[in-house]
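Engineer: Provided herewith: data.csv, CSV, N, CA and C atoms.
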```csv
chain,number,residue,atom,x,y,z
A,1,MET,N,64.7,-0.2,33.7
A,1,MET,CA,64.6,0.9,32.7
A,1,MET,C,65.9,1.7,32.7
A,2,ALA,N,66.4,2.0,31.5
A,2,ALA,CA,67.7,2.7,31.4
A,2,ALA,C,67.7,4.1,32.0
A,3,THR,N,66.5,4.8,32.0
A,3,THR,CA,66.5,6.1,32.5
A,3,THR,C,66.5,6.2,34.0
A,4,ASP,N,66.4,5.0,34.7
A,4,ASP,CA,66.5,4.9,36.1
A,4,ASP,C,67.9,4.6,36.6
A,5,GLU,N,68.8,4.5,35.7
A,5,GLU,CA,70.2,4.2,36.1
A,5,GLU,C,70.8,5.5,36.8
A,6,PRO,N,71.6,5.3,37.8
A,6,PRO,CA,72.1,6.5,38.5
A,6,PRO,C,72.7,7.6,37.6
A,7,GLN,N,73.5,7.2,36.6
A,7,GLN,CA,74.1,8.2,35.7
A,7,GLN,C,73.0,9.0,35.0
A,8,ALA,N,71.9,8.3,34.5
A,8,ALA,CA,70.9,8.9,33.8
A,8,ALA,C,70.1,9.9,34.7
A,9,LEU,N,69.8,9.4,35.9
A,9,LEU,CA,69.0,10.3,36.8
A,9,LEU,C,69.8,11.5,37.2
A,10,LEU,N,71.1,11.3,37.4
A,10,LEU,CA,72.0,12.5,37.8
A,10,LEU,C,72.1,13.4,36.7
A,11,SER,N,72.3,12.9,35.5
A,11,SER,CA,72.4,13.8,34.3
A,11,SER,C,71.1,14.6,34.1
A,12,ARG,N,70.0,13.9,34.2
A,12,ARG,CA,68.7,14.6,34.1
A,12,ARG,C,68.6,15.7,35.2
A,13,ALA,N,68.9,15.4,36.4
A,13,ALA,CA,68.8,16.4,37.5
A,13,ALA,C,69.7,17.6,37.2
A,14,GLU,N,70.9,17.3,36.7
A,14,GLU,CA,71.8,18.4,36.4
A,14,GLU,C,71.3,19.3,35.3
A,15,ARG,N,70.6,18.7,34.3
A,15,ARG,CA,70.0,19.5,33.2
A,15,ARG,C,68.9,20.3,33.7
A,16,TYR,N,68.0,19.7,34.5
A,16,TYR,CA,66.8,20.4,35.0
A,16,TYR,C,67.3,21.6,35.9
A,17,TRP,N,68.3,21.3,36.8
A,17,TRP,CA,68.8,22.3,37.7
A,17,TRP,C,69.4,23.5,36.9
A,18,SER,N,70.1,23.3,35.8
A,18,SER,CA,70.6,24.4,35.0
A,18,SER,C,69.6,25.4,34.6
A,19,VAL,N,68.4,24.9,34.2
A,19,VAL,CA,67.3,25.8,33.7
A,19,VAL,C,66.7,26.4,35.0
A,20,ILE,N,66.4,25.7,36.0
A,20,ILE,CA,65.7,26.2,37.2
A,20,ILE,C,66.6,27.2,37.8
A,21,ARG,N,67.9,26.9,37.9
A,21,ARG,CA,68.9,27.8,38.5
A,21,ARG,C,68.9,29.2,37.8
A,22,ASP,N,68.9,29.1,36.5
A,22,ASP,CA,68.9,30.3,35.7
A,22,ASP,C,67.6,31.1,36.0
A,23,ALA,N,66.5,30.5,36.1
A,23,ALA,CA,65.2,31.2,36.3
A,23,ALA,C,65.2,31.8,37.7
A,24,LEU,N,65.8,31.1,38.7
A,24,LEU,CA,65.8,31.7,40.1
A,24,LEU,C,66.7,32.9,40.2
A,25,LEU,N,67.9,32.8,39.5
A,25,LEU,CA,68.9,33.8,39.6
A,25,LEU,C,68.7,35.0,38.7
A,26,ASN,N,68.0,34.8,37.6
A,26,ASN,CA,67.8,35.8,36.6
A,26,ASN,C,66.3,36.0,36.2
A,27,PRO,N,65.4,36.2,37.2
A,27,PRO,CA,64.0,36.2,36.9
A,27,PRO,C,63.6,37.3,35.9
A,28,GLU,N,64.4,38.4,35.8
A,28,GLU,CA,64.1,39.5,34.9
A,28,GLU,C,64.3,39.1,33.4
A,29,GLU,N,65.0,38.0,33.2
A,29,GLU,CA,65.2,37.6,31.8
A,29,GLU,C,64.1,36.6,31.3
A,30,TRP,N,63.2,36.3,32.2
A,30,TRP,CA,62.1,35.3,31.8
A,30,TRP,C,60.8,36.0,31.9
A,31,ASP,N,59.9,35.6,31.0
A,31,ASP,CA,58.5,36.1,31.1
A,31,ASP,C,57.9,35.4,32.2
A,32,ASP,N,56.8,36.0,32.8
A,32,ASP,CA,56.3,35.5,34.1
A,32,ASP,C,55.8,34.1,34.0
A,33,GLN,N,55.1,33.7,32.9
A,33,GLN,CA,54.6,32.4,32.7
A,33,GLN,C,55.7,31.4,32.6
A,34,GLU,N,56.7,31.6,31.8
A,34,GLU,CA,57.8,30.7,31.7
A,34,GLU,C,58.5,30.5,33.1
A,35,TRP,N,58.7,31.7,33.7
A,35,TRP,CA,59.4,31.7,35.0
A,35,TRP,C,58.7,30.8,36.0
A,36,GLN,N,57.4,31.0,36.1
A,36,GLN,CA,56.5,30.3,37.1
A,36,GLN,C,56.6,28.8,36.7
A,37,SER,N,56.5,28.5,35.5
A,37,SER,CA,56.5,27.1,35.0
A,37,SER,C,57.8,26.4,35.4
A,38,GLU,N,58.9,27.1,35.2
A,38,GLU,CA,60.2,26.5,35.5
A,38,GLU,C,60.4,26.3,37.0
A,39,VAL,N,60.1,27.4,37.7
A,39,VAL,CA,60.3,27.3,39.2
A,39,VAL,C,59.4,26.3,39.8
A,40,ALA,N,58.2,26.1,39.3
A,40,ALA,CA,57.3,25.1,39.8
A,40,ALA,C,57.9,23.7,39.7
A,41,GLU,N,58.8,23.5,38.8
A,41,GLU,CA,59.4,22.2,38.6
A,41,GLU,C,60.5,21.8,39.7
A,42,ILE,N,60.8,22.8,40.6
A,42,ILE,CA,61.8,22.5,41.6
A,42,ILE,C,61.4,21.4,42.5
A,43,ILE,N,60.2,21.2,42.8
A,43,ILE,CA,59.8,20.1,43.7
A,43,ILE,C,60.0,18.7,43.0
A,44,LEU,N,59.9,18.7,41.7
A,44,LEU,CA,60.2,17.5,40.9
A,44,LEU,C,61.7,17.2,40.9
A,45,LEU,N,62.4,18.3,40.8
A,45,LEU,CA,63.9,18.2,40.9
A,45,LEU,C,64.4,17.6,42.2
A,46,TYR,N,63.8,18.1,43.3
A,46,TYR,CA,64.2,17.6,44.6
A,46,TYR,C,63.9,16.1,44.7
A,47,ASP,N,62.7,15.7,44.1
A,47,ASP,CA,62.4,14.3,44.1
A,47,ASP,C,63.4,13.5,43.3
A,48,LEU,N,63.8,14.0,42.2
A,48,LEU,CA,64.7,13.4,41.3
A,48,LEU,C,66.1,13.2,42.0
A,49,VAL,N,66.5,14.3,42.6
A,49,VAL,CA,67.8,14.3,43.3
A,49,VAL,C,67.8,13.2,44.5
A,50,ALA,N,66.6,13.1,45.1
A,50,ALA,CA,66.5,12.2,46.2
A,50,ALA,C,66.6,10.7,45.7
A,51,ARG,N,66.2,10.5,44.5
A,51,ARG,CA,66.3,9.1,43.9
A,51,ARG,C,67.6,8.7,43.4
A,52,VAL,N,68.5,9.7,43.2
A,52,VAL,CA,69.9,9.4,42.7
A,52,VAL,C,70.7,8.5,43.7
A,53,ARG,N,71.2,7.4,43.2
A,53,ARG,CA,72.0,6.6,44.0
A,53,ARG,C,73.4,6.4,43.3
A,54,PRO,N,74.4,7.2,43.7
A,54,PRO,CA,75.6,7.2,43.0
A,54,PRO,C,76.3,5.8,43.1
A,55,SER,N,76.9,5.4,42.0
A,55,SER,CA,77.5,4.1,41.9
A,55,SER,C,79.0,4.1,41.9
A,56,ASN,N,79.6,5.4,41.9
A,56,ASN,CA,81.0,5.5,41.9
A,56,ASN,C,81.4,6.9,42.5
A,57,PRO,N,82.6,7.1,42.8
A,57,PRO,CA,83.1,8.3,43.5
A,57,PRO,C,82.8,9.6,42.6
A,58,GLU,N,82.9,9.4,41.3
A,58,GLU,CA,82.7,10.6,40.4
A,58,GLU,C,81.2,11.0,40.5
A,59,GLU,N,80.3,10.0,40.5
A,59,GLU,CA,78.9,10.4,40.6
A,59,GLU,C,78.6,11.0,41.9
A,60,GLU,N,79.2,10.4,43.0
A,60,GLU,CA,79.0,11.0,44.3
A,60,GLU,C,79.4,12.4,44.4
A,61,ALA,N,80.6,12.7,43.8
A,61,ALA,CA,81.1,14.1,43.8
A,61,ALA,C,80.1,15.0,43.0
A,62,ARG,N,79.7,14.6,41.9
A,62,ARG,CA,78.7,15.4,41.1
A,62,ARG,C,77.4,15.6,41.8
A,63,LEU,N,76.9,14.6,42.5
A,63,LEU,CA,75.7,14.7,43.2
A,63,LEU,C,75.9,15.7,44.4
A,64,GLN,N,77.0,15.6,45.1
A,64,GLN,CA,77.3,16.5,46.2
A,64,GLN,C,77.4,18.0,45.7
A,65,ALA,N,78.0,18.2,44.6
A,65,ALA,CA,78.2,19.5,44.0
A,65,ALA,C,76.8,20.1,43.6
A,66,LEU,N,76.0,19.2,43.1
A,66,LEU,CA,74.6,19.6,42.7
A,66,LEU,C,73.8,20.0,43.9
A,67,ARG,N,73.9,19.2,45.0
A,67,ARG,CA,73.2,19.5,46.2
A,67,ARG,C,73.7,20.8,46.8
A,68,ASN,N,75.0,21.0,46.9
A,68,ASN,CA,75.5,22.2,47.4
A,68,ASN,C,75.1,23.4,46.7
A,69,ASP,N,75.1,23.3,45.3
A,69,ASP,CA,74.7,24.5,44.5
A,69,ASP,C,73.2,24.8,44.7
A,70,MET,N,72.4,23.7,44.8
A,70,MET,CA,70.9,23.9,45.0
A,70,MET,C,70.7,24.6,46.4
A,71,GLU,N,71.4,24.2,47.4
A,71,GLU,CA,71.3,24.8,48.7
A,71,GLU,C,71.7,26.3,48.7
A,72,GLN,N,72.8,26.5,48.1
A,72,GLN,CA,73.3,27.9,48.0
A,72,GLN,C,72.4,28.8,47.3
A,73,VAL,N,71.9,28.4,46.1
A,73,VAL,CA,71.0,29.2,45.4
A,73,VAL,C,69.7,29.4,46.1
A,74,ALA,N,69.2,28.4,46.7
A,74,ALA,CA,67.9,28.5,47.5
A,74,ALA,C,68.1,29.5,48.6
A,75,ALA,N,69.2,29.5,49.3
A,75,ALA,CA,69.5,30.5,50.4
A,75,ALA,C,69.6,31.9,49.8
A,76,LYS,N,70.3,32.0,48.7
A,76,LYS,CA,70.5,33.3,48.1
A,76,LYS,C,69.1,34.0,47.7
A,77,VAL,N,68.2,33.2,47.1
A,77,VAL,CA,66.9,33.8,46.7
A,77,VAL,C,65.9,33.7,47.8
A,78,GLY,N,66.2,33.2,48.9
A,78,GLY,CA,65.2,33.2,50.0
A,78,GLY,C,64.3,32.1,50.1
A,79,LEU,N,64.6,31.0,49.4
A,79,LEU,CA,63.7,29.8,49.5
A,79,LEU,C,64.0,29.1,50.8
A,80,VAL,N,63.0,28.5,51.4
A,80,VAL,CA,63.2,27.6,52.5
A,80,VAL,C,63.9,26.4,52.1
A,81,PRO,N,65.1,26.1,52.6
A,81,PRO,CA,65.8,24.9,52.1
A,81,PRO,C,65.1,23.6,52.5
A,82,ILE,N,65.2,22.7,51.5
A,82,ILE,CA,64.7,21.3,51.7
A,82,ILE,C,65.9,20.4,52.0
A,83,ASP,N,65.7,19.6,53.0
A,83,ASP,CA,66.8,18.7,53.3
A,83,ASP,C,67.1,17.8,52.2
A,84,LEU,N,68.3,17.9,51.6
A,84,LEU,CA,68.7,17.0,50.5
A,84,LEU,C,69.5,15.9,51.1
```
What is this structure when it is put down as structure tokens?

Structural biologist:
Amino acid sequence: MATDEPQALLSRAERYWSVIRDALLNPEEWDDQEWQSEVAEIILLYDLVARVRPSNPEEEARLQALRNDMEQVAAKVGLVPIDL
């Protein structure tokens, strides 16, 4: 399936993270229901990131940058980090 290719999974994870990151860092800009809905998706994002298998150095660098950002934001907002 094309959506399971490393590039597609990584791109999807980056898009999801962009929205979740914004919700975590700017909760006052979200209504409560939207915020809860987006933040609840973080567990799905962690699963998606775990499934990414980079096939080249560029994908590996993007994945590492995504993981680092996720860990930094989680620490900043007080979430218990999940081992990525």

Engineer: In Å, how far is it from atom C of Glu59 of chain A to atom CA of Ser18 of chain A?

Structural biologist: 17.1 Å

Engineer: Would you mind reading off the distance between atom CA of Ile42 of chain A and atom C of Asp69 of chain A, one decimal, in Å?

Structural biologist: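 Distance between the two atoms: 12.0 Å.
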
Engineer: One decimal, in Å: what's the spacing between atom C of Gln7 of chain A and atom C of Glu29 of chain A?

Structural biologist: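 Answer for the atom C of Gln7 of chain A to atom C of Glu29 of chain A separation: 29.2 Å.
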
Engineer: Between A:Val73, A:Val80, A:Leu45, A:Val52, which residue has the minimum interatomic distance to Asn26 of chain A, considering only C-alpha atoms?

Structural biologist: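 Closest to Asn26 of chain A, using only C-alpha atoms: A:Val73.
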
Engineer: Check chain A with DSSP on the backbone and list each residue it calls helix (DSSP H, G or I), as a PyMOL selection string.

Structural biologist: chain A and resi 2-4+6-25+27-29+32-40+42-51+57-77

Engineer: Missing atoms in segment 11-22 of chain A should be modelled up to all heavy atoms and reported as a PDB file, in the frame of the given file.

Structural biologist:
```
ATOM      1  N   SER A  11      72.300  12.900  35.500  1.00  0.00           N
ATOM      2  CA  SER A  11      72.400  13.800  34.300  1.00  0.00           C
ATOM      3  C   SER A  11      71.100  14.600  34.100  1.00  0.00           C
ATOM      4  O   SER A  11      71.167  15.811  33.781  1.00  0.00           O
ATOM      5  CB  SER A  11      72.747  13.018  33.030  1.00  0.00           C
ATOM      6  OG  SER A  11      74.032  12.463  33.136  1.00  0.00           O
ATOM      7  N   ARG A  12      70.000  13.900  34.200  1.00  0.00           N
ATOM      8  CA  ARG A  12      68.700  14.600  34.100  1.00  0.00           C
ATOM      9  C   ARG A  12      68.600  15.700  35.200  1.00  0.00           C
ATOM     10  O   ARG A  12      68.127  16.835  34.867  1.00  0.00           O
ATOM     11  CB  ARG A  12      67.567  13.639  34.161  1.00  0.00           C
ATOM     12  CG  ARG A  12      66.250  14.296  33.790  1.00  0.00           C
ATOM     13  CD  ARG A  12      65.053  13.372  33.791  1.00  0.00           C
ATOM     14  NE  ARG A  12      65.337  11.997  33.468  1.00  0.00           N
ATOM     15  CZ  ARG A  12      64.663  10.970  33.971  1.00  0.00           C
ATOM     16  NH1 ARG A  12      63.665  11.172  34.804  1.00  0.00           N
ATOM     17  NH2 ARG A  12      64.967   9.747  33.624  1.00  0.00           N
ATOM     18  N   ALA A  13      68.900  15.400  36.400  1.00  0.00           N
ATOM     19  CA  ALA A  13      68.800  16.400  37.500  1.00  0.00           C
ATOM     20  C   ALA A  13      69.700  17.600  37.200  1.00  0.00           C
ATOM     21  O   ALA A  13      69.322  18.726  37.419  1.00  0.00           O
ATOM     22  CB  ALA A  13      69.204  15.726  38.800  1.00  0.00           C
ATOM     23  N   GLU A  14      70.900  17.300  36.700  1.00  0.00           N
ATOM     24  CA  GLU A  14      71.800  18.400  36.400  1.00  0.00           C
ATOM     25  C   GLU A  14      71.300  19.300  35.300  1.00  0.00           C
ATOM     26  O   GLU A  14      71.359  20.563  35.333  1.00  0.00           O
ATOM     27  CB  GLU A  14      73.205  17.901  35.971  1.00  0.00           C
ATOM     28  CG  GLU A  14      73.961  17.296  37.134  1.00  0.00           C
ATOM     29  CD  GLU A  14      75.187  16.502  36.721  1.00  0.00           C
ATOM     30  OE1 GLU A  14      75.196  15.910  35.619  1.00  0.00           O
ATOM     31  OE2 GLU A  14      76.133  16.462  37.517  1.00  0.00           O
ATOM     32  N   ARG A  15      70.600  18.700  34.300  1.00  0.00           N
ATOM     33  CA  ARG A  15      70.000  19.500  33.200  1.00  0.00           C
ATOM     34  C   ARG A  15      68.900  20.300  33.700  1.00  0.00           C
ATOM     35  O   ARG A  15      68.740  21.521  33.392  1.00  0.00           O
ATOM     36  CB  ARG A  15      69.575  18.603  32.046  1.00  0.00           C
ATOM     37  CG  ARG A  15      70.703  18.077  31.186  1.00  0.00           C
ATOM     38  CD  ARG A  15      70.187  17.401  29.915  1.00  0.00           C
ATOM     39  NE  ARG A  15      69.152  16.411  30.145  1.00  0.00           N
ATOM     40  CZ  ARG A  15      69.364  15.122  30.415  1.00  0.00           C
ATOM     41  NH1 ARG A  15      70.603  14.659  30.489  1.00  0.00           N
ATOM     42  NH2 ARG A  15      68.347  14.295  30.594  1.00  0.00           N
ATOM     43  N   TYR A  16      68.000  19.700  34.500  1.00  0.00           N
ATOM     44  CA  TYR A  16      66.800  20.400  35.000  1.00  0.00           C
ATOM     45  C   TYR A  16      67.300  21.600  35.900  1.00  0.00           C
ATOM     46  O   TYR A  16      66.790  22.694  35.849  1.00  0.00           O
ATOM     47  CB  TYR A  16      65.958  19.517  35.888  1.00  0.00           C
ATOM     48  CG  TYR A  16      65.110  18.535  35.133  1.00  0.00           C
ATOM     49  CD1 TYR A  16      64.427  17.534  35.798  1.00  0.00           C
ATOM     50  CD2 TYR A  16      64.971  18.579  33.750  1.00  0.00           C
ATOM     51  CE1 TYR A  16      63.636  16.612  35.138  1.00  0.00           C
ATOM     52  CE2 TYR A  16      64.191  17.659  33.073  1.00  0.00           C
ATOM     53  CZ  TYR A  16      63.530  16.681  33.772  1.00  0.00           C
ATOM     54  OH  TYR A  16      62.748  15.771  33.105  1.00  0.00           O
ATOM     55  N   TRP A  17      68.300  21.300  36.800  1.00  0.00           N
ATOM     56  CA  TRP A  17      68.800  22.300  37.700  1.00  0.00           C
ATOM     57  C   TRP A  17      69.400  23.500  36.900  1.00  0.00           C
ATOM     58  O   TRP A  17      69.212  24.680  37.291  1.00  0.00           O
ATOM     59  CB  TRP A  17      69.839  21.772  38.629  1.00  0.00           C
ATOM     60  CG  TRP A  17      70.431  22.837  39.507  1.00  0.00           C
ATOM     61  CD1 TRP A  17      71.744  23.168  39.607  1.00  0.00           C
ATOM     62  CD2 TRP A  17      69.741  23.724  40.400  1.00  0.00           C
ATOM     63  NE1 TRP A  17      71.908  24.197  40.495  1.00  0.00           N
ATOM     64  CE2 TRP A  17      70.685  24.561  40.994  1.00  0.00           C
ATOM     65  CE3 TRP A  17      68.397  23.891  40.735  1.00  0.00           C
ATOM     66  CZ2 TRP A  17      70.341  25.548  41.922  1.00  0.00           C
ATOM     67  CZ3 TRP A  17      68.051  24.879  41.649  1.00  0.00           C
ATOM     68  CH2 TRP A  17      69.007  25.691  42.232  1.00  0.00           C
ATOM     69  N   SER A  18      70.100  23.300  35.800  1.00  0.00           N
ATOM     70  CA  SER A  18      70.600  24.400  35.000  1.00  0.00           C
ATOM     71  C   SER A  18      69.600  25.400  34.600  1.00  0.00           C
ATOM     72  O   SER A  18      69.767  26.588  34.724  1.00  0.00           O
ATOM     73  CB  SER A  18      71.316  23.776  33.773  1.00  0.00           C
ATOM     74  OG  SER A  18      71.795  24.803  32.949  1.00  0.00           O
ATOM     75  N   VAL A  19      68.400  24.900  34.200  1.00  0.00           N
ATOM     76  CA  VAL A  19      67.300  25.800  33.700  1.00  0.00           C
ATOM     77  C   VAL A  19      66.700  26.400  35.000  1.00  0.00           C
ATOM     78  O   VAL A  19      66.440  27.656  34.961  1.00  0.00           O
ATOM     79  CB  VAL A  19      66.289  24.991  32.917  1.00  0.00           C
ATOM     80  CG1 VAL A  19      65.092  25.870  32.571  1.00  0.00           C
ATOM     81  CG2 VAL A  19      66.928  24.435  31.651  1.00  0.00           C
ATOM     82  N   ILE A  20      66.400  25.700  36.000  1.00  0.00           N
ATOM     83  CA  ILE A  20      65.700  26.200  37.200  1.00  0.00           C
ATOM     84  C   ILE A  20      66.600  27.200  37.800  1.00  0.00           C
ATOM     85  O   ILE A  20      66.176  28.295  38.290  1.00  0.00           O
ATOM     86  CB  ILE A  20      65.300  25.084  38.131  1.00  0.00           C
ATOM     87  CG1 ILE A  20      64.205  24.231  37.486  1.00  0.00           C
ATOM     88  CG2 ILE A  20      64.832  25.649  39.469  1.00  0.00           C
ATOM     89  CD1 ILE A  20      63.908  22.940  38.228  1.00  0.00           C
ATOM     90  N   ARG A  21      67.900  26.900  37.900  1.00  0.00           N
ATOM     91  CA  ARG A  21      68.900  27.800  38.500  1.00  0.00           C
ATOM     92  C   ARG A  21      68.900  29.200  37.800  1.00  0.00           C
ATOM     93  O   ARG A  21      68.858  30.244  38.423  1.00  0.00           O
ATOM     94  CB  ARG A  21      70.256  27.191  38.463  1.00  0.00           C
ATOM     95  CG  ARG A  21      71.357  27.985  39.104  1.00  0.00           C
ATOM     96  CD  ARG A  21      72.696  27.241  38.902  1.00  0.00           C
ATOM     97  NE  ARG A  21      73.694  27.676  39.833  1.00  0.00           N
ATOM     98  CZ  ARG A  21      74.390  28.800  39.719  1.00  0.00           C
ATOM     99  NH1 ARG A  21      74.183  29.590  38.682  1.00  0.00           N
ATOM    100  NH2 ARG A  21      75.284  29.124  40.622  1.00  0.00           N
ATOM    101  N   ASP A  22      68.900  29.100  36.500  1.00  0.00           N
ATOM    102  CA  ASP A  22      68.900  30.300  35.700  1.00  0.00           C
ATOM    103  C   ASP A  22      67.600  31.100  36.000  1.00  0.00           C
ATOM    104  O   ASP A  22      67.662  32.374  36.147  1.00  0.00           O
ATOM    105  CB  ASP A  22      68.996  30.038  34.209  1.00  0.00           C
ATOM    106  CG  ASP A  22      69.053  31.300  33.379  1.00  0.00           C
ATOM    107  OD1 ASP A  22      69.975  32.120  33.585  1.00  0.00           O
ATOM    108  OD2 ASP A  22      68.156  31.495  32.540  1.00  0.00           O
TER     109      ASP A  22
END
```
